[in-house]
$ cat start.csv   # CSV, C-alpha atoms
chain,number,residue,atom,x,y,z
A,294,MET,CA,-67.4,160.1,128.6
A,295,ARG,CA,-65.1,160.3,125.5
A,296,ASN,CA,-67.5,158.0,123.7
A,297,LYS,CA,-70.3,160.4,124.5
A,298,ILE,CA,-68.4,163.4,123.2
A,299,GLY,CA,-67.5,161.4,120.1
A,300,SER,CA,-71.1,160.5,119.3
A,301,MET,CA,-72.2,164.1,119.9
A,302,PHE,CA,-69.5,165.3,117.6
A,303,SER,CA,-70.6,162.8,114.9
A,304,LEU,CA,-74.2,164.2,115.3
A,305,LEU,CA,-73.2,167.8,115.3
A,306,LEU,CA,-70.9,167.6,112.3
A,307,PRO,CA,-73.6,166.8,109.7
A,308,LEU,CA,-75.8,169.5,111.3
A,309,MET,CA,-73.0,172.1,110.8
A,310,VAL,CA,-72.4,170.9,107.3
A,311,LEU,CA,-76.1,171.3,106.6
A,312,ILE,CA,-76.0,174.9,108.0
A,313,VAL,CA,-73.0,175.7,105.8
A,314,MET,CA,-74.7,174.2,102.8
A,315,ILE,CA,-77.8,176.2,103.3
A,316,THR,CA,-75.7,179.4,103.7
A,317,ILE,CA,-73.9,178.7,100.5
A,318,ILE,CA,-77.1,178.1,98.5
A,319,ILE,CA,-78.7,181.2,99.9
A,320,SER,CA,-75.7,183.4,99.1
A,321,LEU,CA,-75.4,181.9,95.6
A,322,SER,CA,-79.0,182.5,94.9
A,323,TYR,CA,-78.6,186.1,96.2
A,324,SER,CA,-75.5,186.8,94.1
A,325,ARG,CA,-77.3,185.4,91.0
A,326,THR,CA,-80.1,188.0,91.5
A,327,LYS,CA,-77.5,190.7,91.8
A,328,LEU,CA,-75.6,189.5,88.8
A,329,GLU,CA,-78.7,189.2,86.7
A,330,SER,CA,-79.7,192.7,87.6
A,331,GLY,CA,-76.3,194.0,86.5
A,332,PHE,CA,-76.3,192.1,83.3
A,333,GLN,CA,-79.9,193.1,82.3
A,334,ILE,CA,-78.8,196.7,81.8
A,335,PRO,CA,-76.6,196.3,78.8
A,336,SER,CA,-79.2,194.2,77.0
A,337,LYS,CA,-81.8,196.8,77.8
A,338,LEU,CA,-79.6,199.5,76.5
A,339,GLN,CA,-79.1,197.5,73.3
A,340,GLU,CA,-82.9,197.3,73.0
A,341,MET,CA,-83.3,201.0,73.5
A,342,TYR,CA,-80.5,201.7,71.0
A,343,ASN,CA,-82.3,199.4,68.5
A,344,LYS,CA,-85.5,201.3,69.0
A,345,GLU,CA,-83.6,204.6,68.3
A,346,ARG,CA,-82.1,203.1,65.1
A,347,ASN,CA,-85.5,201.8,63.9
A,348,PHE,CA,-87.1,205.2,64.6
A,349,ASN,CA,-84.4,207.0,62.6
A,350,PHE,CA,-84.6,204.6,59.8
A,351,TYR,CA,-88.4,204.8,59.6
A,352,PHE,CA,-88.4,208.6,59.5
A,353,GLU,CA,-85.6,209.0,57.1
A,354,LYS,CA,-87.4,206.7,54.7
A,355,SER,CA,-90.7,208.6,55.4
A,356,SER,CA,-89.0,211.9,54.5
A,357,GLU,CA,-87.8,210.4,51.2
A,358,LEU,CA,-91.3,209.2,50.3
A,359,ALA,CA,-93.0,212.4,51.6
A,360,SER,CA,-90.7,214.6,49.5
A,361,GLN,CA,-91.3,212.6,46.3
A,362,GLN,CA,-95.1,212.8,46.9
A,363,ALA,CA,-94.8,216.5,47.6
A,364,PHE,CA,-92.8,216.9,44.4
A,365,TYR,CA,-95.4,215.0,42.4
A,366,LYS,CA,-98.2,217.2,43.8
A,367,THR,CA,-96.1,220.4,43.0
A,368,ILE,CA,-95.8,219.3,39.4
A,369,LEU,CA,-99.5,218.5,39.3
A,370,ASN,CA,-100.1,221.9,40.7
A,371,LEU,CA,-97.9,223.5,38.0
A,372,ASN,CA,-99.8,221.5,35.4
A,373,THR,CA,-103.2,222.8,36.5
A,374,TYR,CA,-102.1,226.3,37.5
A,375,TYR,CA,-104.9,228.7,37.1
A,376,CYS,CA,-103.8,230.4,33.9
A,377,LYS,CA,-105.0,230.3,30.3
A,378,ILE,CA,-104.7,227.0,28.5
A,379,LYS,CA,-103.4,226.6,24.9
A,380,THR,CA,-103.7,223.5,22.8
A,381,LEU,CA,-101.2,222.2,20.3
A,382,ASN,CA,-101.6,218.9,18.5
A,383,GLY,CA,-104.3,217.8,20.9
A,384,LYS,CA,-102.2,218.5,24.0
A,385,THR,CA,-102.9,221.2,26.5
A,386,TYR,CA,-100.3,223.7,27.7
A,387,VAL,CA,-100.5,226.2,30.6
A,388,LEU,CA,-99.7,229.7,29.4
A,389,TRP,CA,-97.4,231.5,31.7
A,390,SER,CA,-97.0,235.2,31.5
A,391,GLU,CA,-96.2,238.2,33.8
A,392,ASN,CA,-99.9,238.3,34.7
A,393,CYS,CA,-100.2,234.6,35.4
A,394,LYS,CA,-97.1,232.8,36.6
A,395,PRO,CA,-96.4,230.4,39.5
A,396,GLU,CA,-95.0,232.5,42.3
A,397,LYS,CA,-91.8,231.3,44.0
A,398,GLU,CA,-93.2,231.7,47.5
A,399,LYS,CA,-96.4,229.9,46.6
A,400,ILE,CA,-94.7,226.9,45.1
A,401,PHE,CA,-92.2,226.8,48.0
A,402,ASN,CA,-95.1,226.8,50.5
A,403,ASN,CA,-97.1,224.3,48.5
A,404,PHE,CA,-94.1,221.9,48.4
A,405,LEU,CA,-93.3,222.3,52.0
A,406,ASN,CA,-96.9,221.9,53.2
A,407,ASN,CA,-97.4,218.8,51.1
A,408,PHE,CA,-94.2,217.4,52.5
A,409,LYS,CA,-95.4,218.1,56.1
A,410,LYS,CA,-98.8,216.6,55.4
A,411,GLU,CA,-97.3,213.4,53.9
A,412,PHE,CA,-94.7,213.1,56.7
A,413,LYS,CA,-97.4,213.5,59.3
A,414,LYS,CA,-99.3,210.6,57.8
A,415,PHE,CA,-96.3,208.3,58.2
A,416,SER,CA,-95.7,209.7,61.6
A,417,GLN,CA,-99.2,208.9,62.7
A,418,GLU,CA,-99.0,205.3,61.4
A,419,TYR,CA,-95.7,204.9,63.4
A,420,TYR,CA,-97.3,206.3,66.5
A,421,ASP,CA,-100.3,204.0,66.2
A,422,GLU,CA,-98.0,201.0,66.0
A,423,THR,CA,-95.3,201.9,68.6
A,424,LYS,CA,-96.7,204.7,70.7
A,425,ILE,CA,-93.5,206.5,70.2
A,426,HIS,CA,-94.1,210.0,69.0
A,427,THR,CA,-92.4,213.3,68.5
A,428,ASP,CA,-93.1,216.6,66.6
A,429,PHE,CA,-90.7,217.6,63.9
A,430,ASP,CA,-89.7,221.0,62.6
A,431,PHE,CA,-88.7,221.2,59.0
A,432,ASN,CA,-86.4,223.7,57.3
A,433,LEU,CA,-85.8,223.7,53.6
A,434,LYS,CA,-82.5,225.3,52.7
A,435,ASN,CA,-79.9,224.8,50.0
A,436,ASN,CA,-82.0,222.0,48.5
A,437,LYS,CA,-81.9,220.1,51.8
A,438,ILE,CA,-84.7,219.5,54.3
A,439,ILE,CA,-83.5,219.5,57.8
A,440,CYS,CA,-85.8,217.4,60.0
A,441,ASN,CA,-85.5,218.2,63.7
A,442,GLY,CA,-87.6,216.2,66.2
A,443,ASN,CA,-88.2,216.9,69.8
A,444,LYS,CA,-86.4,214.9,72.4
A,445,ILE,CA,-87.8,211.3,72.7
A,446,LYS,CA,-87.7,209.7,76.1
A,447,LEU,CA,-87.8,205.9,76.5
A,448,ASN,CA,-88.1,204.5,80.0
A,449,PHE,CA,-87.4,201.1,81.4
A,450,LEU,CA,-87.5,199.5,84.8
A,451,ASP,CA,-85.0,197.1,86.3
A,452,LYS,CA,-86.0,195.3,89.4
A,453,ASN,CA,-84.2,193.0,91.8
A,454,ALA,CA,-85.0,191.7,95.3
A,455,PHE,CA,-83.8,194.8,97.1
A,456,SER,CA,-84.2,197.7,94.7
A,457,THR,CA,-85.8,199.1,91.6
A,458,TYR,CA,-83.9,201.1,89.0
A,459,ASN,CA,-85.7,203.4,86.7
A,460,PHE,CA,-83.7,204.3,83.6
A,461,SER,CA,-84.5,206.7,80.8
A,462,TYR,CA,-83.0,206.7,77.4
A,463,ASN,CA,-83.2,209.9,75.5
A,464,PHE,CA,-82.4,210.8,71.9
A,465,ASN,CA,-83.0,213.7,69.6
A,466,PRO,CA,-84.0,212.7,66.1
A,467,LEU,CA,-82.2,215.0,63.7
A,468,PHE,CA,-81.4,214.3,60.0
A,469,SER,CA,-81.2,216.0,56.7
A,470,LEU,CA,-82.6,214.9,53.4
A,471,ASP,CA,-80.6,215.9,50.4
A,472,LEU,CA,-83.3,216.5,47.7
A,473,SER,CA,-80.7,216.4,44.9
A,474,GLU,CA,-80.1,212.7,45.7
A,475,LEU,CA,-83.7,212.1,44.8
A,476,GLY,CA,-83.4,214.1,41.6
A,477,ILE,CA,-85.2,217.2,42.9
A,478,ASN,CA,-83.7,220.6,42.5
A,479,SER,CA,-86.1,222.8,44.5
A,480,ASP,CA,-84.6,226.2,43.4
A,481,GLU,CA,-85.1,225.4,39.8
A,482,ILE,CA,-88.8,224.3,40.4
A,483,PHE,CA,-89.5,227.5,42.5
A,484,ASN,CA,-88.0,229.7,39.8
A,485,LEU,CA,-89.0,227.8,36.7
A,486,TYR,CA,-90.9,230.7,35.1
A,487,GLU,CA,-88.0,233.1,35.5
A,488,ILE,CA,-85.5,230.5,34.2
A,489,LEU,CA,-87.6,229.8,31.0
A,490,LYS,CA,-88.3,233.5,30.5
A,491,LYS,CA,-84.7,234.5,30.8
A,492,LYS,CA,-83.6,231.7,28.5
A,493,LEU,CA,-86.2,232.8,25.9
A,494,GLU,CA,-84.9,236.4,26.0
A,495,LYS,CA,-81.4,235.1,25.5
A,496,CYS,CA,-82.4,232.8,22.7
A,497,LYS,CA,-84.3,235.6,20.9
A,498,ASN,CA,-81.1,237.6,21.1
A,499,LYS,CA,-83.0,240.8,21.6
A,500,GLN,CA,-84.2,240.8,18.0
A,501,GLU,CA,-87.6,241.9,17.0
A,502,LYS,CA,-87.8,239.2,14.2
A,503,TYR,CA,-86.8,235.9,15.7
A,504,ASP,CA,-85.6,232.8,13.9
A,505,VAL,CA,-87.7,229.8,14.9
A,506,GLU,CA,-85.0,227.3,14.3
A,507,LYS,CA,-82.4,229.3,16.2
A,508,ILE,CA,-84.7,229.5,19.2
A,509,LYS,CA,-85.4,225.8,19.1
A,510,ASP,CA,-81.7,225.0,18.8
A,511,CYS,CA,-80.9,227.4,21.6
A,512,PHE,CA,-83.5,225.7,23.9
A,513,LEU,CA,-82.4,222.2,23.0
A,514,LYS,CA,-78.9,223.1,24.2
A,515,THR,CA,-80.4,224.3,27.5
A,516,GLN,CA,-79.6,222.0,30.4
A,517,LEU,CA,-82.1,221.9,33.2
A,518,LYS,CA,-81.4,220.2,36.5
A,519,ASN,CA,-84.7,218.5,37.0
A,520,PHE,CA,-86.1,218.1,33.5
A,521,ASP,CA,-85.4,217.0,29.9
A,522,LEU,CA,-86.8,219.6,27.6
A,523,SER,CA,-88.5,219.4,24.2
A,524,VAL,CA,-89.6,222.5,22.4
A,525,GLN,CA,-92.1,223.4,19.7
A,526,ILE,CA,-92.7,226.9,18.3
A,527,PHE,CA,-96.0,227.8,16.7
A,528,ASN,CA,-97.7,231.2,16.1
A,529,ASP,CA,-95.5,233.3,18.4
A,530,TYR,CA,-95.6,230.8,21.3
A,531,VAL,CA,-92.9,228.4,22.6
A,532,TYR,CA,-94.4,225.1,23.8
A,533,PHE,CA,-92.3,223.3,26.4
A,534,ASN,CA,-92.7,219.7,27.3
A,535,LEU,CA,-90.8,219.0,30.5
A,536,ILE,CA,-90.1,215.5,31.7
A,537,THR,CA,-88.2,214.7,34.9
A,538,LYS,CA,-84.8,213.1,34.4
A,539,LYS,CA,-85.4,210.7,37.2
A,540,GLU,CA,-88.3,208.4,38.1
A,541,PHE,CA,-90.2,209.1,41.3
A,542,LEU,CA,-92.0,206.9,43.6
A,543,PHE,CA,-95.4,208.5,44.3
A,544,PHE,CA,-99.0,207.6,45.0
A,545,ASP,CA,-101.8,208.3,42.7
A,546,LYS,CA,-104.6,205.8,43.4
A,547,LYS,CA,-101.8,203.3,43.7
A,548,SER,CA,-98.0,203.3,44.0
A,549,LYS,CA,-96.3,204.4,40.9
A,550,MET,CA,-92.7,204.6,39.8
A,551,GLU,CA,-92.6,207.0,36.9
A,552,LYS,CA,-91.1,210.1,35.4
A,553,LEU,CA,-93.2,213.2,35.9
A,554,GLN,CA,-94.1,215.6,33.2
A,555,PHE,CA,-95.8,218.9,32.5
A,556,ARG,CA,-96.5,221.2,29.6
A,557,VAL,CA,-96.2,224.9,29.6
A,558,CYS,CA,-96.0,227.7,26.9
A,559,LEU,CA,-94.7,231.2,26.8
A,560,LYS,CA,-95.4,234.0,24.3
A,561,ILE,CA,-92.3,235.0,22.3
B,119,MET,CA,-63.0,152.4,125.2
B,120,PHE,CA,-60.4,153.3,122.6
B,121,ARG,CA,-62.2,151.1,120.0
B,122,LYS,CA,-65.6,152.8,120.6
B,123,ASN,CA,-63.9,156.2,120.3
B,124,LYS,CA,-62.3,155.2,117.1
B,125,LYS,CA,-65.6,154.0,115.7
B,126,ALA,CA,-67.2,157.4,116.5
B,127,GLN,CA,-64.4,159.2,114.7
B,128,ILE,CA,-64.7,157.0,111.6
B,129,GLY,CA,-68.5,157.6,111.7
B,130,SER,CA,-68.1,161.3,111.9
B,131,GLY,CA,-65.5,161.2,109.1
B,132,ILE,CA,-67.8,159.3,106.8
B,133,SER,CA,-70.7,161.6,107.6
B,134,LEU,CA,-68.5,164.6,106.8
B,135,ILE,CA,-67.5,163.1,103.4
B,136,VAL,CA,-71.0,162.2,102.6
B,137,SER,CA,-72.3,165.7,103.5
B,138,LEU,CA,-69.6,167.3,101.4
B,139,ILE,CA,-70.5,165.2,98.4
B,140,ILE,CA,-74.2,166.1,98.9
B,141,THR,CA,-73.3,169.8,99.1
B,142,LEU,CA,-71.2,169.5,95.9
B,143,ILE,CA,-74.1,167.8,94.1
B,144,ILE,CA,-76.6,170.4,95.2
B,145,ILE,CA,-74.3,173.3,94.1
B,146,VAL,CA,-73.7,171.8,90.7
B,147,ALA,CA,-77.4,171.0,90.3
B,148,GLY,CA,-78.2,174.6,91.4
B,149,PHE,CA,-76.0,176.0,88.6
B,150,VAL,CA,-77.5,173.7,86.0
B,151,VAL,CA,-81.0,174.8,87.1
B,152,ILE,CA,-80.0,178.5,87.0
B,153,LYS,CA,-78.6,178.2,83.6
B,154,ALA,CA,-81.6,176.3,82.3
B,155,ILE,CA,-84.1,178.8,83.7
B,156,HIS,CA,-82.1,181.9,82.6
B,157,PRO,CA,-80.4,181.2,79.3
B,158,LYS,CA,-79.6,184.9,79.0
B,159,PHE,CA,-77.4,184.7,82.0
B,160,SER,CA,-74.3,183.5,80.2
B,161,GLU,CA,-75.1,185.5,77.1
B,162,ASP,CA,-75.3,188.8,79.0
B,163,LEU,CA,-72.2,187.9,80.8
B,164,LYS,CA,-70.4,187.9,77.5
B,165,ILE,CA,-71.8,191.4,76.7
B,166,SER,CA,-70.4,192.8,79.9
B,167,SER,CA,-67.1,191.2,79.3
B,168,SER,CA,-66.8,193.0,76.0
B,169,LYS,CA,-64.3,195.8,75.9
B,170,ASN,CA,-66.6,198.1,74.1
B,171,LEU,CA,-70.3,197.8,74.6
B,172,ARG,CA,-71.1,200.1,71.7
B,173,GLU,CA,-69.1,197.9,69.3
B,174,ASN,CA,-71.0,194.9,70.5
B,175,ILE,CA,-74.3,196.6,69.9
B,176,GLU,CA,-73.2,197.5,66.4
B,177,VAL,CA,-72.3,193.9,65.6
B,178,ASN,CA,-75.6,192.6,66.8
B,179,SER,CA,-77.7,195.3,65.2
B,180,ILE,CA,-77.9,194.0,61.7
B,181,TYR,CA,-80.7,195.4,59.8
B,182,SER,CA,-81.9,193.8,56.7
B,183,PHE,CA,-85.1,195.1,55.2
B,184,LEU,CA,-87.1,195.0,52.1
B,185,GLN,CA,-88.3,198.4,51.0
B,186,THR,CA,-91.5,199.2,49.2
B,187,PRO,CA,-91.5,197.9,45.6
B,188,ILE,CA,-89.7,200.4,43.4
B,189,SER,CA,-91.4,199.0,40.3
B,190,GLU,CA,-94.8,197.6,40.5
B,191,ASN,CA,-94.5,195.2,37.5
B,192,LYS,CA,-91.1,193.8,38.2
B,193,ASN,CA,-91.4,193.1,41.9
B,194,VAL,CA,-88.1,194.8,42.5
B,195,PHE,CA,-87.3,195.9,46.0
B,196,ASN,CA,-84.6,198.1,47.4
B,197,LEU,CA,-82.6,196.2,49.9
B,198,PHE,CA,-81.1,197.9,52.9
B,199,ILE,CA,-78.3,196.6,55.1
B,200,LEU,CA,-77.1,198.9,57.8
B,201,GLY,CA,-73.8,198.0,59.3
B,202,GLU,CA,-70.2,198.8,58.5
B,203,LYS,CA,-68.2,195.8,59.4
B,204,GLU,CA,-67.1,193.3,56.8
B,205,LYS,CA,-68.3,190.3,58.8
B,206,ILE,CA,-71.7,191.9,59.0
B,207,LYS,CA,-71.9,191.9,55.3
B,208,LYS,CA,-71.1,188.3,55.1
B,209,GLU,CA,-73.6,187.3,57.7
B,210,ALA,CA,-76.2,189.5,56.2
B,211,LEU,CA,-75.9,187.6,52.9
B,212,ASP,CA,-76.6,184.4,54.7
B,213,VAL,CA,-79.7,185.9,56.2
B,214,PHE,CA,-80.9,187.1,52.9
B,215,SER,CA,-80.8,183.7,51.4
B,216,ILE,CA,-84.0,183.1,53.5
B,217,TYR,CA,-85.7,185.8,51.6
B,218,ASP,CA,-84.7,184.8,48.1
B,219,GLY,CA,-86.9,186.1,45.4
B,220,PHE,CA,-87.8,189.2,47.3
B,221,SER,CA,-91.4,188.8,46.4
B,222,LEU,CA,-92.7,188.1,49.9
B,223,ILE,CA,-94.2,191.5,50.5
B,224,THR,CA,-96.9,190.9,47.9
B,225,LYS,CA,-98.0,187.9,50.0
B,226,PHE,CA,-96.9,189.3,53.3
B,227,PRO,CA,-99.1,187.6,56.0
B,228,LYS,CA,-98.5,184.1,54.8
B,229,GLU,CA,-94.8,184.6,54.1
B,230,GLU,CA,-94.3,186.2,57.5
B,231,MET,CA,-95.4,183.0,59.1
B,232,ILE,CA,-93.0,181.0,56.9
B,233,ILE,CA,-90.1,183.3,57.8
B,234,SER,CA,-90.9,183.1,61.5
B,235,LYS,CA,-90.9,179.4,61.3
B,236,LYS,CA,-87.6,179.4,59.6
B,237,ILE,CA,-86.2,181.7,62.2
B,238,LYS,CA,-87.4,179.4,64.9
B,239,GLU,CA,-85.8,176.5,63.3
B,240,LYS,CA,-82.5,178.3,63.0
B,241,LYS,CA,-82.7,179.7,66.5
B,242,HIS,CA,-82.1,183.3,65.3
B,243,LYS,CA,-83.2,186.3,67.2
B,244,THR,CA,-85.9,188.3,65.6
B,245,GLN,CA,-86.7,191.9,65.7
B,246,GLU,CA,-89.6,193.8,64.1
B,247,VAL,CA,-88.7,196.7,61.8
B,248,LEU,CA,-91.3,199.2,60.5
B,249,ILE,CA,-91.1,200.6,57.0
B,250,PRO,CA,-93.2,203.4,55.6
B,251,SER,CA,-95.0,203.0,52.4
B,252,TYR,CA,-97.8,204.8,50.7
B,253,GLN,CA,-100.2,201.9,51.2
B,254,GLY,CA,-99.5,201.9,54.9
B,255,LEU,CA,-96.9,200.8,57.3
B,256,ILE,CA,-95.0,197.5,56.5
B,257,LYS,CA,-93.8,195.3,59.2
B,258,ILE,CA,-90.7,193.2,58.5
B,259,LYS,CA,-89.3,190.6,60.8
B,260,LEU,CA,-85.6,191.2,61.1
B,261,ILE,CA,-83.2,188.3,61.7
B,262,LEU,CA,-80.5,189.1,64.1
B,263,LYS,CA,-77.8,186.6,64.0
B,264,ASN,CA,-76.2,186.0,67.3
B,265,PHE,CA,-72.5,186.7,66.6
B,266,ARG,CA,-71.6,186.2,70.2
B,267,GLU,CA,-72.1,182.5,69.8
B,268,LYS,CA,-69.0,182.3,67.6
$ encode --input "start.csv" --output "structure tokens"
Amino acid sequence: MRNKIGSMFSLLLPLMVLIVMITIIISLSYSRTKLESGFQIPSKLQEMYNKERNFNFYFEKSSELASQQAFYKTILNLNTYYCKIKTLNGKTYVLWSENCKPEKEKIFNNFLNNFKKEFKKFSQEYYDETKIHTDFDFNLKNNKIICNGNKIKLNFLDKNAFSTYNFSYNFNPLFSLDLSELGINSDEIFNLYEILKKKLEKCKNKQEKYDVEKIKDCFLKTQLKNFDLSVQIFNDYVYFNLITKKEFLFFDKKSKMEKLQFRVCLKI
Amino acid sequence: MFRKNKKAQIGSGISLIVSLIITLIIIVAGFVVIKAIHPKFSEDLKISSSKNLRENIEVNSIYSFLQTPISENKNVFNLFILGEKEKIKKEALDVFSIYDGFSLITKFPKEEMIISKKIKEKKHKTQEVLIPSYQGLIKIKLILKNFREK
């Protein structure tokens, strides 16, 4: 009898061990799934965070390029402003007067529109590549462009054996571009006619008969924020050659890194 | 009688020990297989054990890029490294040694392959970063060094 119980016990024991073993393996495999699911979330968050940083980097750089291109186009526009042209030593100068002068509002709009157009180009390229898109609002104030984008929502799924989690990662792109860091002083560009005109009046010193050399000296002492200035006076006209102090990265058939210049003249 | 009973007890004892050894072997083998199939398992475990997840993200998000050429003739590029920590700076310099010369953008597609190969060899993580340029979007493969390994 005892022998029978003993042999049954010896048969049952491996069976029980087998059952325990299977239970351990199943529970281990289940806990692995749970653990993996839990640990996937931080790495996914990191991925989303990286996407946000990449997005911000791209658009901050885009705004820098767009503003330089817009500045280049503004200068080009000032160069070819629809006014009379005067020639001195084979070079052409746009003649600004009260009847024909670049208006502050027009230059402002011209600059901002060009900026938006360029920025949109970069934005479209980014969208084509990543399918991440947002619309930006731009506000130019105190020589800074505030770029404010709509909320961007990135979604990701996390699945395990028993449940599915749907996460969304949101961020609001918002950054400001300080134009003075790029060597652009927008106020001076928008008011260039008034600045030059005022300076001329001051240099003339309200005298009917002016002294050419004194006016020249007076202008050469003038410090502009954007430009280095050279002056010539001939037949009652002051001819200004303005060259930007900094080089700009702009596109004109190909990428160029150059100082920008334009020529303008005023009647004394 | 007693002898037979004793034999049965010894037999059951041996089978118990053998079963336990087999169980142990299966458990160890299971862990090895899990780790081999999911290499991220242990890595992610380290992330979660970090006190500050944000800090961990900062450390691992090293961005090194080449910007559009600032001068066409000289092949000079602006270099950007985002990251505040001193150790990032050091590691980033190691990363840049791969790019030496900074002229790869001019021959981008070919160089990209070379860089990718080097990355593979060094077992670095890569991430793609997009850079705007007037000639069109530029893709740069970023090398993210895995600081958690240290």
$ interface_residues --input "start.csv" --of "chain A" --to "chain B" --cutoff "6 Å" --atoms "all atoms listed in the file" --output "ChimeraX atom specification"
/A:296,299-300,303,314,332,339,351,355,550
$ atom_distance --input "start.csv" --atom1 "atom CA of A:Asn463" --atom2 "atom CA of A:Asn448"
8.6 Å
$ closest_residue --input "start.csv" --among "A:Asn347, A:Lys547, A:Glu506, A:Asn498" --to "A:Tyr419" --atoms "only C-alpha atoms"
A:Asn347
$ atom_distance --input "start.csv" --atom1 "atom CA of A:Thr385" --atom2 "atom CA of A:Cys558"
9.5 Å
$ atom_distance --input "start.csv" --atom1 "atom CA of A:Thr380" --atom2 "atom CA of A:Glu398"
28.1 Å
$ decode --input "start.csv" --residues "stretch 406-411 of chain A" --atoms "all heavy atoms" --output "PDB file, in the first residue's frame"
ATOM      1  N   ASN A 406       5.653  91.170 -46.023  1.00  0.00           N
ATOM      2  CA  ASN A 406       5.084  90.239 -47.006  1.00  0.00           C
ATOM      3  C   ASN A 406       6.144  89.323 -47.601  1.00  0.00           C
ATOM      4  O   ASN A 406       5.904  88.133 -47.795  1.00  0.00           O
ATOM      5  CB  ASN A 406       4.369  90.997 -48.134  1.00  0.00           C
ATOM      6  CG  ASN A 406       3.080  91.621 -47.637  1.00  0.00           C
ATOM      7  OD1 ASN A 406       2.517  91.165 -46.632  1.00  0.00           O
ATOM      8  ND2 ASN A 406       2.615  92.667 -48.291  1.00  0.00           N
ATOM      9  N   ASN A 407       7.282  89.926 -47.890  1.00  0.00           N
ATOM     10  CA  ASN A 407       8.383  89.102 -48.419  1.00  0.00           C
ATOM     11  C   ASN A 407       8.828  88.070 -47.391  1.00  0.00           C
ATOM     12  O   ASN A 407       9.125  86.926 -47.730  1.00  0.00           O
ATOM     13  CB  ASN A 407       9.573  89.977 -48.812  1.00  0.00           C
ATOM     14  CG  ASN A 407       9.399  90.570 -50.188  1.00  0.00           C
ATOM     15  OD1 ASN A 407       8.860  89.930 -51.079  1.00  0.00           O
ATOM     16  ND2 ASN A 407       9.806  91.805 -50.353  1.00  0.00           N
ATOM     17  N   PHE A 408       8.870  88.507 -46.140  1.00  0.00           N
ATOM     18  CA  PHE A 408       9.257  87.586 -45.066  1.00  0.00           C
ATOM     19  C   PHE A 408       8.268  86.409 -45.006  1.00  0.00           C
ATOM     20  O   PHE A 408       8.673  85.241 -44.969  1.00  0.00           O
ATOM     21  CB  PHE A 408       9.279  88.327 -43.715  1.00  0.00           C
ATOM     22  CG  PHE A 408       9.519  87.437 -42.541  1.00  0.00           C
ATOM     23  CD1 PHE A 408      10.817  87.083 -42.188  1.00  0.00           C
ATOM     24  CD2 PHE A 408       8.463  86.920 -41.799  1.00  0.00           C
ATOM     25  CE1 PHE A 408      11.051  86.238 -41.110  1.00  0.00           C
ATOM     26  CE2 PHE A 408       8.685  86.073 -40.723  1.00  0.00           C
ATOM     27  CZ  PHE A 408       9.991  85.730 -40.382  1.00  0.00           C
ATOM     28  N   LYS A 409       6.982  86.747 -45.033  1.00  0.00           N
ATOM     29  CA  LYS A 409       5.949  85.696 -44.949  1.00  0.00           C
ATOM     30  C   LYS A 409       6.056  84.728 -46.124  1.00  0.00           C
ATOM     31  O   LYS A 409       5.930  83.515 -45.964  1.00  0.00           O
ATOM     32  CB  LYS A 409       4.555  86.331 -44.935  1.00  0.00           C
ATOM     33  CG  LYS A 409       4.201  86.997 -43.623  1.00  0.00           C
ATOM     34  CD  LYS A 409       2.830  87.642 -43.725  1.00  0.00           C
ATOM     35  CE  LYS A 409       2.518  88.437 -42.489  1.00  0.00           C
ATOM     36  NZ  LYS A 409       1.280  89.216 -42.627  1.00  0.00           N
ATOM     37  N   LYS A 410       6.291  85.301 -47.299  1.00  0.00           N
ATOM     38  CA  LYS A 410       6.379  84.480 -48.515  1.00  0.00           C
ATOM     39  C   LYS A 410       7.548  83.489 -48.425  1.00  0.00           C
ATOM     40  O   LYS A 410       7.397  82.301 -48.719  1.00  0.00           O
ATOM     41  CB  LYS A 410       6.584  85.412 -49.723  1.00  0.00           C
ATOM     42  CG  LYS A 410       5.904  84.940 -50.989  1.00  0.00           C
ATOM     43  CD  LYS A 410       5.953  86.061 -51.997  1.00  0.00           C
ATOM     44  CE  LYS A 410       6.693  85.624 -53.232  1.00  0.00           C
ATOM     45  NZ  LYS A 410       6.896  86.722 -54.179  1.00  0.00           N
ATOM     46  N   GLU A 411       8.676  84.005 -47.997  1.00  0.00           N
ATOM     47  CA  GLU A 411       9.867  83.142 -47.872  1.00  0.00           C
ATOM     48  C   GLU A 411       9.654  82.080 -46.801  1.00  0.00           C
ATOM     49  O   GLU A 411       9.989  80.908 -46.983  1.00  0.00           O
ATOM     50  CB  GLU A 411      11.102  83.980 -47.513  1.00  0.00           C
ATOM     51  CG  GLU A 411      11.568  84.901 -48.599  1.00  0.00           C
ATOM     52  CD  GLU A 411      11.981  84.163 -49.864  1.00  0.00           C
ATOM     53  OE1 GLU A 411      12.577  83.087 -49.758  1.00  0.00           O
ATOM     54  OE2 GLU A 411      11.692  84.675 -50.968  1.00  0.00           O
TER      55      GLU A 411
END
